[in-house]
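> What follows is upload.cif; its format and atoms are mmCIF, C-alpha atoms and all ligand atoms.
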```cif
data_input
#
loop_
_atom_site.label_atom_id
_atom_site.label_comp_id
_atom_site.auth_asym_id
_atom_site.auth_seq_id
_atom_site.Cartn_x
_atom_site.Cartn_y
_atom_site.Cartn_z
CA PRO W 1 5.04 92.15 -89.40
CA LEU W 2 5.38 92.02 -85.63
CA VAL W 3 6.99 88.67 -84.81
CA LEU W 4 8.09 86.95 -81.61
CA GLY W 5 10.93 84.44 -81.98
CA ILE W 6 11.97 81.70 -79.57
CA GLU W 7 15.41 80.05 -79.54
CA SER W 8 16.29 77.05 -77.34
CA SER W 9 18.61 74.87 -79.43
CA CYS W 10 21.54 74.82 -77.02
CA ASP W 11 22.15 76.55 -73.69
CA GLU W 12 20.56 79.94 -74.42
CA THR W 13 16.85 80.53 -73.87
CA GLY W 14 16.23 83.47 -76.17
CA VAL W 15 13.09 85.44 -76.92
CA GLY W 16 13.23 88.27 -79.44
CA ILE W 17 10.57 90.53 -80.88
CA VAL W 18 10.96 92.39 -84.15
CA ARG W 19 8.72 94.72 -86.11
CA GLY W 20 9.77 94.21 -89.71
CA ARG W 21 13.47 94.96 -89.63
CA THR W 22 13.40 96.78 -86.31
CA LEU W 23 14.56 94.88 -83.27
CA LEU W 24 12.35 95.69 -80.28
CA THR W 25 13.82 93.34 -77.70
CA ASN W 26 16.23 90.43 -77.33
CA THR W 27 15.87 88.63 -73.99
CA ILE W 28 18.45 85.95 -73.24
CA ALA W 29 18.87 83.58 -70.32
CA SER W 30 21.84 81.21 -70.45
CA SER W 31 22.40 78.03 -68.48
CA MET W 32 26.14 78.19 -69.22
CA ASP W 33 27.02 78.54 -65.52
CA GLU W 34 25.40 75.17 -64.84
CA HIS W 35 27.52 73.46 -67.50
CA VAL W 36 30.92 74.84 -66.52
CA ARG W 37 31.67 72.11 -63.98
CA TYR W 38 30.92 69.41 -66.56
CA GLY W 39 33.22 71.01 -69.13
CA GLY W 40 30.52 71.14 -71.79
CA VAL W 41 26.79 71.61 -72.33
CA VAL W 42 24.88 68.74 -70.70
CA PRO W 43 21.69 68.24 -72.74
CA GLU W 44 19.37 67.35 -69.88
CA VAL W 45 20.65 70.20 -67.73
CA ALA W 46 20.05 72.57 -70.66
CA SER W 47 16.50 71.26 -71.23
CA ARG W 48 15.56 71.66 -67.58
CA ALA W 49 16.94 75.19 -67.54
CA HIS W 50 14.92 76.06 -70.67
CA VAL W 51 11.71 74.88 -68.99
CA GLN W 52 12.37 77.21 -66.09
CA ALA W 53 13.51 80.16 -68.18
CA ILE W 54 11.07 80.14 -71.08
CA GLY W 55 7.94 81.47 -69.31
CA PRO W 56 9.64 84.45 -67.68
CA ALA W 57 11.63 85.15 -70.88
CA VAL W 58 8.46 85.44 -72.99
CA ALA W 59 6.80 87.66 -70.37
CA GLN W 60 9.90 89.85 -70.10
CA ALA W 61 10.26 90.21 -73.87
CA LEU W 62 6.62 91.29 -74.27
CA ALA W 63 6.97 93.77 -71.42
CA GLU W 64 10.23 95.24 -72.73
CA ALA W 65 8.87 95.61 -76.24
CA GLN W 66 5.57 96.95 -74.84
CA VAL W 67 3.74 94.53 -77.03
CA ARG W 68 0.61 92.55 -76.16
CA ILE W 69 0.47 88.98 -77.38
CA GLU W 70 -2.66 89.76 -79.39
CA ASP W 71 -0.77 92.46 -81.32
CA LEU W 72 1.68 89.93 -82.78
CA ASP W 73 1.37 88.79 -86.40
CA ALA W 74 3.28 85.54 -86.04
CA ILE W 75 5.43 83.38 -83.82
CA ALA W 76 8.67 81.74 -84.95
CA VAL W 77 10.67 79.07 -83.19
CA THR W 78 13.89 77.16 -83.84
CA ALA W 79 12.99 73.61 -84.95
CA GLY W 80 16.60 72.52 -85.53
CA PRO W 81 19.46 71.87 -85.70
CA GLY W 82 20.35 71.52 -82.02
CA LEU W 83 19.86 69.37 -78.95
CA SER W 84 16.49 67.61 -79.30
CA GLY W 85 15.42 67.95 -75.69
CA ALA W 86 16.36 71.61 -75.67
CA LEU W 87 14.57 72.31 -78.96
CA LEU W 88 11.42 70.56 -77.67
CA VAL W 89 11.04 73.11 -74.89
CA GLY W 90 11.03 76.09 -77.25
CA VAL W 91 8.78 74.38 -79.79
CA SER W 92 6.29 73.33 -77.10
CA ALA W 93 6.18 76.83 -75.66
CA ALA W 94 5.69 78.31 -79.14
CA LYS W 95 2.90 75.86 -79.92
CA GLY W 96 1.19 76.77 -76.67
CA LEU W 97 1.32 80.47 -77.55
CA ALA W 98 0.12 79.81 -81.10
CA ALA W 99 -2.75 77.61 -79.89
CA ALA W 100 -3.87 80.20 -77.36
CA THR W 101 -3.73 83.12 -79.79
CA GLY W 102 -4.45 81.52 -83.16
CA LEU W 103 -1.31 83.15 -84.57
CA PRO W 104 0.59 81.53 -87.45
CA LEU W 105 3.57 79.53 -86.25
CA TYR W 106 6.80 79.08 -88.21
CA GLY W 107 9.25 76.33 -87.30
CA ILE W 108 12.54 77.62 -88.64
CA ASN W 109 16.21 76.76 -89.13
CA HIS W 110 18.77 77.94 -86.59
CA LEU W 111 21.57 78.25 -89.18
CA ALA W 112 19.53 80.44 -91.52
CA ALA W 113 18.54 82.51 -88.48
CA HIS W 114 22.23 83.16 -87.70
CA VAL W 115 22.37 84.81 -91.13
CA ALA W 116 18.96 86.53 -91.05
CA VAL W 117 19.83 88.28 -87.79
CA ASP W 118 21.84 90.81 -89.72
CA LEU W 119 18.56 92.19 -91.08
CA VAL W 120 17.74 93.59 -87.64
CA ALA W 121 21.20 94.82 -86.63
CA GLU W 122 21.04 98.55 -85.93
CA ASP W 123 23.70 99.40 -88.49
CA SER W 124 22.49 96.79 -90.98
CA PRO W 125 22.97 97.58 -94.65
CA GLY W 126 20.28 94.93 -95.31
CA LEU W 127 21.25 91.43 -96.25
CA HIS W 128 23.31 91.53 -99.41
CA THR W 129 22.69 88.51 -101.63
CA PRO W 130 24.44 86.51 -102.73
CA THR W 131 26.69 86.29 -99.72
CA ILE W 132 29.03 83.69 -98.26
CA ALA W 133 28.24 83.00 -94.60
CA LEU W 134 30.84 81.64 -92.22
CA LEU W 135 29.03 80.17 -89.20
CA VAL W 136 31.31 79.17 -86.36
CA SER W 137 30.17 78.10 -82.92
CA GLY W 138 30.44 75.29 -80.40
CA GLY W 139 28.08 73.18 -82.49
CA HIS W 140 28.87 74.07 -86.09
CA THR W 141 31.48 75.23 -88.53
CA GLU W 142 29.89 75.82 -91.89
CA ILE W 143 30.36 77.79 -95.05
CA LEU W 144 27.06 78.59 -96.74
CA ARG W 145 26.18 80.25 -99.99
CA ILE W 146 23.16 82.43 -99.40
CA GLY W 147 21.34 83.26 -102.63
CA ASP W 148 18.14 84.06 -100.77
CA ILE W 149 17.56 83.78 -97.05
CA VAL W 150 14.39 81.70 -97.45
CA ASP W 151 14.65 79.76 -100.71
CA ASP W 152 18.27 79.49 -101.67
CA ILE W 153 20.82 78.32 -99.12
CA GLU W 154 23.56 75.92 -100.13
CA LEU W 155 26.01 74.19 -97.83
CA LEU W 156 29.48 74.54 -99.36
CA GLY W 157 31.47 73.05 -96.53
CA ALA W 158 31.27 71.82 -92.95
CA THR W 159 33.50 70.21 -90.37
CA ILE W 160 34.13 66.50 -90.69
CA ASP W 161 34.88 66.20 -86.96
CA ASP W 162 34.97 68.91 -84.26
CA ALA W 163 33.38 72.33 -84.65
CA ALA W 164 35.71 75.33 -84.30
CA GLY W 165 34.26 76.34 -80.91
CA GLU W 166 34.50 72.74 -79.79
CA ALA W 167 38.20 72.74 -80.77
CA PHE W 168 38.67 75.79 -78.53
CA ASP W 169 36.76 74.08 -75.72
CA LYS W 170 38.65 70.77 -75.95
CA THR W 171 42.05 72.38 -76.35
CA ALA W 172 41.38 74.69 -73.41
CA ARG W 173 40.63 71.67 -71.28
CA LEU W 174 43.90 69.98 -72.13
CA LEU W 175 45.73 73.22 -71.39
CA GLY W 176 44.06 73.23 -67.97
CA LEU W 177 41.74 76.13 -68.80
CA ASP W 178 38.05 76.29 -67.86
CA TYR W 179 35.05 75.85 -70.10
CA PRO W 180 33.99 77.64 -72.26
CA GLY W 181 37.41 77.48 -73.82
CA GLY W 182 37.20 80.19 -76.49
CA PRO W 183 37.42 83.22 -74.25
CA ASN W 184 39.99 81.55 -71.97
CA ILE W 185 42.31 80.60 -74.82
CA SER W 186 42.10 84.16 -76.11
CA ARG W 187 42.96 85.47 -72.66
CA ALA W 188 45.87 83.05 -72.37
CA ALA W 189 47.08 84.07 -75.85
CA ALA W 190 46.99 87.71 -74.78
CA GLY W 191 49.28 86.85 -71.85
CA ALA W 192 46.53 87.68 -69.38
CA LEU W 193 46.66 84.35 -67.53
CA ASP W 194 50.34 84.08 -66.64
CA GLY W 195 50.46 87.52 -65.07
CA THR W 196 52.94 88.87 -67.62
CA GLY W 197 50.52 90.68 -69.91
CA VAL W 198 52.95 89.82 -72.72
CA PRO W 199 51.01 88.44 -75.70
CA GLY W 200 51.96 85.01 -76.99
CA ASP W 201 53.70 84.57 -80.33
CA PRO W 202 51.24 83.11 -82.87
CA GLN W 203 54.21 81.80 -84.88
CA ALA W 204 55.85 80.07 -81.90
CA VAL W 205 54.52 76.63 -82.79
CA ARG W 206 53.44 75.61 -86.28
CA PHE W 207 50.32 73.56 -85.54
CA PRO W 208 48.63 71.67 -88.43
CA ARG W 209 46.06 73.41 -90.62
CA GLY W 210 43.59 70.54 -91.11
CA LEU W 211 42.45 69.91 -94.70
CA SER W 212 44.07 73.04 -96.04
CA THR W 213 47.45 71.62 -96.91
CA ALA W 214 48.22 71.19 -100.59
CA PRO W 215 47.26 67.49 -101.06
CA ASP W 216 43.82 68.03 -99.56
CA LEU W 217 43.17 70.94 -101.82
CA ARG W 218 43.72 68.72 -104.81
CA ASN W 219 40.58 66.95 -103.67
CA PRO W 220 37.82 69.39 -104.66
CA ALA W 221 35.33 67.70 -102.36
CA ARG W 222 37.46 68.79 -99.43
CA ARG W 223 38.06 72.34 -100.56
CA HIS W 224 35.50 73.79 -98.18
CA SER W 225 35.54 71.11 -95.48
CA PHE W 226 37.09 71.61 -92.06
CA SER W 227 38.84 69.27 -89.66
CA PHE W 228 39.96 70.32 -86.20
CA SER W 229 40.50 67.07 -84.33
CA GLY W 230 44.09 66.67 -85.59
CA LEU W 231 44.91 70.13 -84.32
CA LYS W 232 43.69 69.26 -80.84
CA THR W 233 45.83 66.10 -80.88
CA ALA W 234 48.86 68.09 -82.06
CA VAL W 235 48.46 70.48 -79.13
CA LEU W 236 48.17 67.52 -76.76
CA ARG W 237 51.35 65.93 -78.15
CA PHE W 238 53.21 69.21 -77.97
CA VAL W 239 52.18 69.90 -74.41
CA THR W 240 52.96 66.34 -73.29
CA ALA W 241 56.39 66.41 -74.92
CA HIS W 242 57.25 69.70 -73.28
CA GLU W 243 55.98 68.63 -69.88
CA ALA W 244 58.19 65.57 -70.14
CA GLY W 245 61.18 67.79 -70.76
CA ALA W 246 60.01 70.40 -68.27
CA GLY W 247 62.22 73.30 -67.46
CA ASP W 248 64.59 73.04 -70.38
CA ARG W 249 62.61 74.93 -72.98
CA GLY W 250 60.53 77.39 -71.01
CA ILE W 251 57.47 77.02 -73.24
CA ARG W 252 54.87 79.66 -72.48
CA LEU W 253 51.16 78.91 -72.25
CA ALA W 254 50.64 82.21 -74.09
CA ASP W 255 52.68 80.98 -77.06
CA VAL W 256 50.84 77.67 -77.27
CA ALA W 257 47.43 79.37 -76.97
CA ALA W 258 48.31 82.04 -79.56
CA SER W 259 49.70 79.43 -81.96
CA PHE W 260 46.59 77.26 -81.59
CA GLU W 261 44.32 80.26 -82.12
CA GLU W 262 46.32 81.21 -85.20
CA ALA W 263 45.93 77.72 -86.68
CA VAL W 264 42.13 77.78 -86.25
CA VAL W 265 41.78 81.32 -87.56
CA ASP W 266 44.08 80.64 -90.50
CA VAL W 267 41.93 77.76 -91.72
CA LEU W 268 38.62 79.57 -91.19
CA VAL W 269 39.78 82.64 -93.06
CA THR W 270 41.54 80.79 -95.87
CA LYS W 271 38.55 78.59 -96.59
CA THR W 272 36.09 81.48 -96.50
CA LEU W 273 38.14 83.25 -99.15
CA PHE W 274 38.34 80.06 -101.22
CA ALA W 275 34.54 80.03 -101.18
CA CYS W 276 34.44 83.62 -102.43
CA GLU W 277 36.93 82.80 -105.15
CA ASP W 278 35.06 79.68 -106.29
CA THR W 279 31.63 81.29 -106.38
CA GLY W 280 32.67 84.76 -107.47
CA ILE W 281 30.75 86.15 -104.50
CA ASP W 282 32.29 89.26 -102.95
CA HIS W 283 30.29 89.52 -99.72
CA VAL W 284 30.93 87.63 -96.48
CA LEU W 285 28.87 87.47 -93.30
CA LEU W 286 30.32 86.10 -90.05
CA GLY W 287 28.09 84.47 -87.41
CA GLY W 288 28.18 82.17 -84.35
CA GLY W 289 29.83 82.41 -80.94
CA VAL W 290 33.38 82.10 -82.26
CA ALA W 291 32.83 85.48 -83.97
CA ALA W 292 33.70 86.81 -80.51
CA ASN W 293 37.32 85.89 -81.29
CA THR W 294 39.24 89.10 -81.89
CA ARG W 295 41.99 87.46 -83.93
CA LEU W 296 39.40 85.90 -86.26
CA ARG W 297 37.72 89.25 -86.83
CA GLU W 298 41.07 90.97 -87.45
CA ARG W 299 42.39 88.40 -89.89
CA LEU W 300 39.09 88.08 -91.73
CA THR W 301 38.88 91.86 -92.01
CA GLU W 302 42.42 92.06 -93.45
CA ARG W 303 42.02 89.22 -95.90
CA CYS W 304 38.60 90.37 -97.12
CA ALA W 305 39.88 93.91 -97.63
CA ALA W 306 42.86 92.60 -99.60
CA ALA W 307 40.56 90.51 -101.79
CA GLY W 308 38.03 93.30 -102.36
CA VAL W 309 35.37 91.41 -100.40
CA THR W 310 32.85 93.25 -98.22
CA LEU W 311 32.67 91.79 -94.71
CA ARG W 312 29.71 92.05 -92.33
CA VAL W 313 30.00 91.11 -88.69
CA PRO W 314 26.77 91.71 -86.77
CA PRO W 315 27.14 93.00 -83.18
CA LEU W 316 28.40 90.16 -80.97
CA ARG W 317 25.22 89.78 -78.92
CA LEU W 318 23.50 88.97 -82.22
CA CYS W 319 26.25 86.53 -83.28
CA THR W 320 25.78 84.21 -80.30
CA ASP W 321 22.52 82.27 -80.00
CA ASN W 322 19.54 84.54 -79.36
CA GLY W 323 15.81 84.97 -79.98
CA ALA W 324 16.14 88.05 -82.19
CA MET W 325 17.62 85.95 -84.98
CA VAL W 326 14.60 83.66 -84.94
CA ALA W 327 12.22 86.61 -84.93
CA ALA W 328 14.18 88.24 -87.77
CA LEU W 329 13.89 85.17 -89.97
CA GLY W 330 10.25 84.74 -88.92
CA ALA W 331 9.48 88.32 -89.98
CA GLU W 332 11.14 87.78 -93.35
CA ILE W 333 9.06 84.63 -93.86
CA ALA W 334 5.85 86.29 -92.67
CA SER W 335 6.43 89.25 -95.00
CA ARG W 336 6.42 86.81 -97.91
CA SER W 337 3.04 85.43 -96.80
CA LEU W 338 4.31 81.85 -96.73
CA ALA W 339 2.10 79.16 -95.21
CA PRO W 340 2.75 78.48 -91.52
CA SER W 341 4.35 75.19 -90.48
CA PRO W 342 1.89 72.33 -89.92
CA PHE W 343 0.87 72.28 -86.26
CA ASP W 344 2.26 68.79 -85.74
CA PHE W 345 5.83 69.58 -86.74
CA GLY W 346 8.61 68.15 -84.61
CA VAL W 347 12.24 69.00 -83.93
CA THR W 348 15.15 67.84 -86.10
CA SER W 349 18.50 67.79 -84.36
CA SER W 350 20.44 67.62 -87.64
CA LEU W 351 18.25 69.90 -89.77
CA GLU W 352 20.18 70.95 -92.86
CA ALA W 353 20.82 74.58 -93.66
CA HIS W 354 18.66 74.72 -96.80
CA ASP W 355 15.60 73.55 -94.85
CA VAL W 356 14.79 77.08 -93.77
CA LEU W 357 11.08 76.72 -92.97
CA ILE W 358 9.39 73.52 -91.79
CA ALA W 359 6.63 73.02 -94.34
P1 LIG W 401 25.30 76.47 -81.43
O1 LIG W 401 26.48 75.73 -81.97
O2 LIG W 401 24.04 75.68 -81.48
O3 LIG W 401 25.14 77.81 -82.05
P2 LIG W 401 26.74 77.19 -79.00
O4 LIG W 401 26.16 77.49 -77.67
O5 LIG W 401 27.89 76.31 -79.07
O6 LIG W 401 25.54 76.66 -79.90
P3 LIG W 401 27.42 79.94 -79.21
O7 LIG W 401 26.75 80.21 -77.91
O8 LIG W 401 27.07 80.78 -80.38
O9 LIG W 401 27.16 78.51 -79.72
O10 LIG W 401 29.00 79.94 -79.03
C1 LIG W 401 29.71 79.27 -78.00
C2 LIG W 401 31.07 78.82 -78.55
O11 LIG W 401 31.83 79.97 -78.93
C3 LIG W 401 31.89 78.06 -77.54
O12 LIG W 401 32.44 76.92 -78.15
C4 LIG W 401 33.00 79.06 -77.15
O13 LIG W 401 34.22 78.45 -76.76
C5 LIG W 401 33.16 79.84 -78.41
N1 LIG W 401 33.73 81.15 -78.14
C6 LIG W 401 33.23 82.15 -77.36
N2 LIG W 401 34.08 83.19 -77.28
C7 LIG W 401 35.17 82.85 -78.05
C8 LIG W 401 36.41 83.48 -78.37
N3 LIG W 401 36.74 84.69 -77.90
N4 LIG W 401 37.26 82.81 -79.18
C9 LIG W 401 36.96 81.60 -79.67
N5 LIG W 401 35.82 80.95 -79.40
C10 LIG W 401 34.93 81.56 -78.60
MG MG W 402 25.67 78.85 -76.47
FE FE W 403 24.01 78.90 -82.93
#
```
Would you encode the structure as structure tokens?
Ligand code: ATP
Ligand code: MG
Ligand code: FE

Amino acid sequence: PLVLGIESSCDETGVGIVRGRTLLTNTIASSMDEHVRYGGVVPEVASRAHVQAIGPAVAQALAEAQVRIEDLDAIAVTAGPGLSGALLVGVSAAKGLAAATGLPLYGINHLAAHVAVDLVAEDSPGLHTPTIALLVSGGHTEILRIGDIVDDIELLGATIDDAAGEAFDKTARLLGLDYPGGPNISRAAAGALDGTGVPGDPQAVRFPRGLSTAPDLRNPARRHSFSFSGLKTAVLRFVTAHEAGAGDRGIRLADVAASFEEAVVDVLVTKTLFACEDTGIDHVLLGGGVAANTRLRERLTERCAAAGVTLRVPPLRLCTDNGAMVAALGAEIASRSLAPSPFDFGVTSSLEAHDVLIA
């Protein structure tokens, strides 16, 4: 099926078009620049930017894919989870298109779409099931068991406080680095911000690994949960203590950034492999904006290889929020001839991962 997908759950306005498992176009406009001075995504600013971007993005996607609206078989749109006001823009636009064309409309789940996107990656081996998905972004940190991309998704673990990307963003701020924090912390860790070019030592400071110390692991309910707020506080305490004693220790920003990054990556990788161990599943898929982190990809690659687990990391532009992922999931749903979502469906900011299609 030829499907157009619309994504507007956060700061990216994405429109993708796929034909079956072939990606035709993936248009993305981001309002990130407008959020930088606030140090985080401001919901109303994001919603207003979506309203401006959505019309041109749909037109551009159709033009790039050389597809006429009437040639489409279905339209898919993210119905949640995400920022309500932002989601409403995409859903309203999708409903308008569906009303004008009579095409079936699928309201779909953003988390499942992060997984489904691998179906349309150029080098995709297809989506192996079952697979363990590690989704890490500014808004979520989740481990999912994917038995089937439409009917069998189970949440194994999530963060009980900050998301991994959020931990990068908040820690960057307290280290005096700009938003978004992920790329800036990585640059600092590489020694690129202090002019030395000497990478920081990831072992310089032993920051806490939330919920993955021995006592927590005796609590099975916590085995796959994450916590990053203690880590952020530990960095704050460390930095404050060393500022107070300035000059005597010569602590490098690169060392602090590298040690923080190591703590986050350590927990993400360890818990993903616990999930493989517990379920006996030997395939892992990485998704979300934090997949851009080089150290995470390296460590996950090493640990998966050592454990005999096959790792898939879609190309980075497909890991961050985009419309292709929505179109990919929409095409999978359409190919199964499932009933479209009722035309009066709304958005759900906290939609759970197993709710793949709004029915
Ligand atoms: P959602 O959570 O709804 O998917 P989002 O906009 O937060 O939305 P993305 O756009 O996928 O998600 O990812 C942005 C997040 O990824 C930010 O928190 C950012 O700091 C983080 N990030 C980006 N690059 C890196 C990196 N190199 N290392 C660590 N984190 C990174
Ligand atoms: Mg984003
Ligand atoms: Fe996302």
> In Å, how far is it from atom CA of W:Pro220 to atom C10 of ligand LIG 401 (chain W)?
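It comes out at 28.9 Å.
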> List all protein, DNA and RNA residues that have any atom at most 7 Å from ligand LIG 401 (chain W), counting all atoms listed in the file, and write the list as an mmCIF file with C-alpha atoms, in the coordinates of the input.

```cif
data_model
loop_
_atom_site.group_PDB
_atom_site.id
_atom_site.type_symbol
_atom_site.label_atom_id
_atom_site.label_comp_id
_atom_site.auth_asym_id
_atom_site.auth_seq_id
_atom_site.Cartn_x
_atom_site.Cartn_y
_atom_site.Cartn_z
ATOM 1 C CA SER W 9 18.610 74.870 -79.430
ATOM 2 C CA CYS W 10 21.540 74.820 -77.020
ATOM 3 C CA ASP W 11 22.150 76.550 -73.690
ATOM 4 C CA GLU W 12 20.560 79.940 -74.420
ATOM 5 C CA GLY W 82 20.350 71.520 -82.020
ATOM 6 C CA SER W 137 30.170 78.100 -82.920
ATOM 7 C CA GLY W 138 30.440 75.290 -80.400
ATOM 8 C CA GLY W 139 28.080 73.180 -82.490
ATOM 9 C CA HIS W 140 28.870 74.070 -86.090
ATOM 10 C CA GLY W 165 34.260 76.340 -80.910
ATOM 11 C CA GLU W 166 34.500 72.740 -79.790
ATOM 12 C CA PHE W 168 38.670 75.790 -78.530
ATOM 13 C CA ASP W 169 36.760 74.080 -75.720
ATOM 14 C CA PRO W 180 33.990 77.640 -72.260
ATOM 15 C CA GLY W 181 37.410 77.480 -73.820
ATOM 16 C CA GLY W 182 37.200 80.190 -76.490
ATOM 17 C CA PRO W 183 37.420 83.220 -74.250
ATOM 18 C CA SER W 186 42.100 84.160 -76.110
ATOM 19 C CA GLY W 288 28.180 82.170 -84.350
ATOM 20 C CA GLY W 289 29.830 82.410 -80.940
ATOM 21 C CA VAL W 290 33.380 82.100 -82.260
ATOM 22 C CA ALA W 291 32.830 85.480 -83.970
ATOM 23 C CA ALA W 292 33.700 86.810 -80.510
ATOM 24 C CA ASN W 293 37.320 85.890 -81.290
ATOM 25 C CA THR W 294 39.240 89.100 -81.890
ATOM 26 C CA CYS W 319 26.250 86.530 -83.280
ATOM 27 C CA THR W 320 25.780 84.210 -80.300
ATOM 28 C CA ASP W 321 22.520 82.270 -80.000
#
```
> Would you list the residues near (46.6, 78.6, -71.2) (no more than 6 Å away, in the coordinates of the file, using all atoms listed in the file) as a PyMOL selection string?
chain W and resi 175+177+185+188+253+257
> For each of W:Val150, W:Glu243, W:Gln52, W:Glu277, take the minimum atom-to-atom distance to W:Leu127, counting only C-alpha atoms, then give the residue where this is smallest.
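Result for the nearest residue to W:Leu127: W:Val150.
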> Counting all atoms listed in the file, which of W:Thr22, W:Thr13, W:Thr27, W:Thr233 gets nearest to W:Ala331?
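For W:Ala331, the nearest of the given residues is W:Thr22.
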> Identify the residues around (14.1, 84.9, -82.7) within a radius of 6 Å, measuring from only C-alpha atoms in the coordinates stated by the file, and give them as a PyMOL selection string.
chain W and resi 5-7+15-16+323-327
> Using only C-alpha atoms, can you tell me which of W:Ser212, W:Ser31, W:Thr25, W:Thr101 comes closest to W:Ser225?
W:Ser212
> Could you tell me how far atom CA of W:Phe207 sits from atom CA of W:Leu311, in Å to one decimal place?
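One can read the atom CA of W:Leu311 to atom CA of W:Phe207 distance as 27.0 Å.
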> Mind giving me the straight-line distance from atom CA of W:Val313 to atom CA of W:Leu87 in Å, one decimal?
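Atom CA of W:Leu87 lies at a distance of 26.2 Å from atom CA of W:Val313.
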> W:Asp201, W:Asp33, W:Asp148, W:Asp118: which is nearest W:Phe260, counting all atoms listed in the file?
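Closest candidate: W:Asp201.
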> Hey, which of W:Ala116, W:Val41, W:Val267, W:Ala94 ends up closest to W:Phe343? Count all atoms listed in the file.
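Checking each of W:Ala116, W:Val41, W:Val267, W:Ala94 against W:Phe343, counting all atoms listed in the file, the winner is W:Ala94.
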> Please determine an axis-aligned box that encloses all atoms of stretch 54-58 of chain W listed in the file, with 8 Å added on each side, and express its centre and edge lengths in Å to one decimal as AutoDock Vina command-line options.

```
--center_x 9.8 --center_y 82.8 --center_z -70.3 --size_x 19.7 --size_y 21.3 --size_z 21.3
```
> Using all atoms listed in the file, can you tell me which of W:Gly197, W:Ala49, W:Gly39, W:Asn322 comes closest to ligand MG 402 (chain W)?
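With all atoms listed in the file as the atom set, the closest residue is W:Asn322.
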> Hey, what's within 10 Å of W:Ala53 if we count all atoms listed in the file and toss same-chain stuff fewer than 2 positions away? As a list of chain:residue names, please?
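Residues meeting the cut-off are W:Glu12, W:Thr13, W:Gly14, W:Ile28, W:Ala29, W:Ser30, W:Ser31, W:Ser47, W:Arg48, W:Ala49, W:His50, W:Val51, W:Gly55, W:Pro56, W:Ala57, W:Val58.
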> Starting from the sparse input, extend stretch 62-76 of chain W to N, CA and C atoms and give the output as a PDB file, in the frame of the given file.

```pdb
ATOM      1  N   LEU W  62       7.853  90.543 -73.947  1.00  0.00           N
ATOM      2  CA  LEU W  62       6.620  91.290 -74.270  1.00  0.00           C
ATOM      3  C   LEU W  62       6.581  92.611 -73.508  1.00  0.00           C
ATOM      4  N   ALA W  63       6.992  92.553 -72.236  1.00  0.00           N
ATOM      5  CA  ALA W  63       6.970  93.770 -71.420  1.00  0.00           C
ATOM      6  C   ALA W  63       7.981  94.785 -71.953  1.00  0.00           C
ATOM      7  N   GLU W  64       9.192  94.325 -72.243  1.00  0.00           N
ATOM      8  CA  GLU W  64      10.230  95.240 -72.730  1.00  0.00           C
ATOM      9  C   GLU W  64       9.855  95.883 -74.059  1.00  0.00           C
ATOM     10  N   ALA W  65       9.219  95.084 -74.916  1.00  0.00           N
ATOM     11  CA  ALA W  65       8.870  95.610 -76.240  1.00  0.00           C
ATOM     12  C   ALA W  65       7.546  96.384 -76.174  1.00  0.00           C
ATOM     13  N   GLN W  66       6.885  96.336 -75.020  1.00  0.00           N
ATOM     14  CA  GLN W  66       5.570  96.950 -74.840  1.00  0.00           C
ATOM     15  C   GLN W  66       4.599  96.476 -75.914  1.00  0.00           C
ATOM     16  N   VAL W  67       4.580  95.159 -76.025  1.00  0.00           N
ATOM     17  CA  VAL W  67       3.740  94.530 -77.030  1.00  0.00           C
ATOM     18  C   VAL W  67       2.790  93.572 -76.303  1.00  0.00           C
ATOM     19  N   ARG W  68       1.519  93.556 -76.706  1.00  0.00           N
ATOM     20  CA  ARG W  68       0.610  92.550 -76.160  1.00  0.00           C
ATOM     21  C   ARG W  68       0.597  91.363 -77.108  1.00  0.00           C
ATOM     22  N   ILE W  69       0.437  90.187 -76.555  1.00  0.00           N
ATOM     23  CA  ILE W  69       0.470  88.980 -77.380  1.00  0.00           C
ATOM     24  C   ILE W  69      -0.488  89.103 -78.560  1.00  0.00           C
ATOM     25  N   GLU W  70      -1.653  89.695 -78.317  1.00  0.00           N
ATOM     26  CA  GLU W  70      -2.660  89.760 -79.390  1.00  0.00           C
ATOM     27  C   GLU W  70      -2.260  90.730 -80.513  1.00  0.00           C
ATOM     28  N   ASP W  71      -1.234  91.557 -80.262  1.00  0.00           N
ATOM     29  CA  ASP W  71      -0.770  92.460 -81.320  1.00  0.00           C
ATOM     30  C   ASP W  71       0.166  91.770 -82.311  1.00  0.00           C
ATOM     31  N   LEU W  72       0.712  90.612 -81.917  1.00  0.00           N
ATOM     32  CA  LEU W  72       1.680  89.930 -82.780  1.00  0.00           C
ATOM     33  C   LEU W  72       1.029  89.442 -84.068  1.00  0.00           C
ATOM     34  N   ASP W  73       1.849  89.344 -85.126  1.00  0.00           N
ATOM     35  CA  ASP W  73       1.370  88.790 -86.400  1.00  0.00           C
ATOM     36  C   ASP W  73       1.765  87.333 -86.568  1.00  0.00           C
ATOM     37  N   ALA W  74       2.826  86.924 -85.909  1.00  0.00           N
ATOM     38  CA  ALA W  74       3.280  85.540 -86.040  1.00  0.00           C
ATOM     39  C   ALA W  74       4.256  85.194 -84.930  1.00  0.00           C
ATOM     40  N   ILE W  75       4.445  83.887 -84.774  1.00  0.00           N
ATOM     41  CA  ILE W  75       5.430  83.380 -83.820  1.00  0.00           C
ATOM     42  C   ILE W  75       6.386  82.482 -84.604  1.00  0.00           C
ATOM     43  N   ALA W  76       7.686  82.595 -84.297  1.00  0.00           N
ATOM     44  CA  ALA W  76       8.670  81.740 -84.950  1.00  0.00           C
ATOM     45  C   ALA W  76       9.470  81.041 -83.866  1.00  0.00           C
TER      46      ALA W  76
END
```
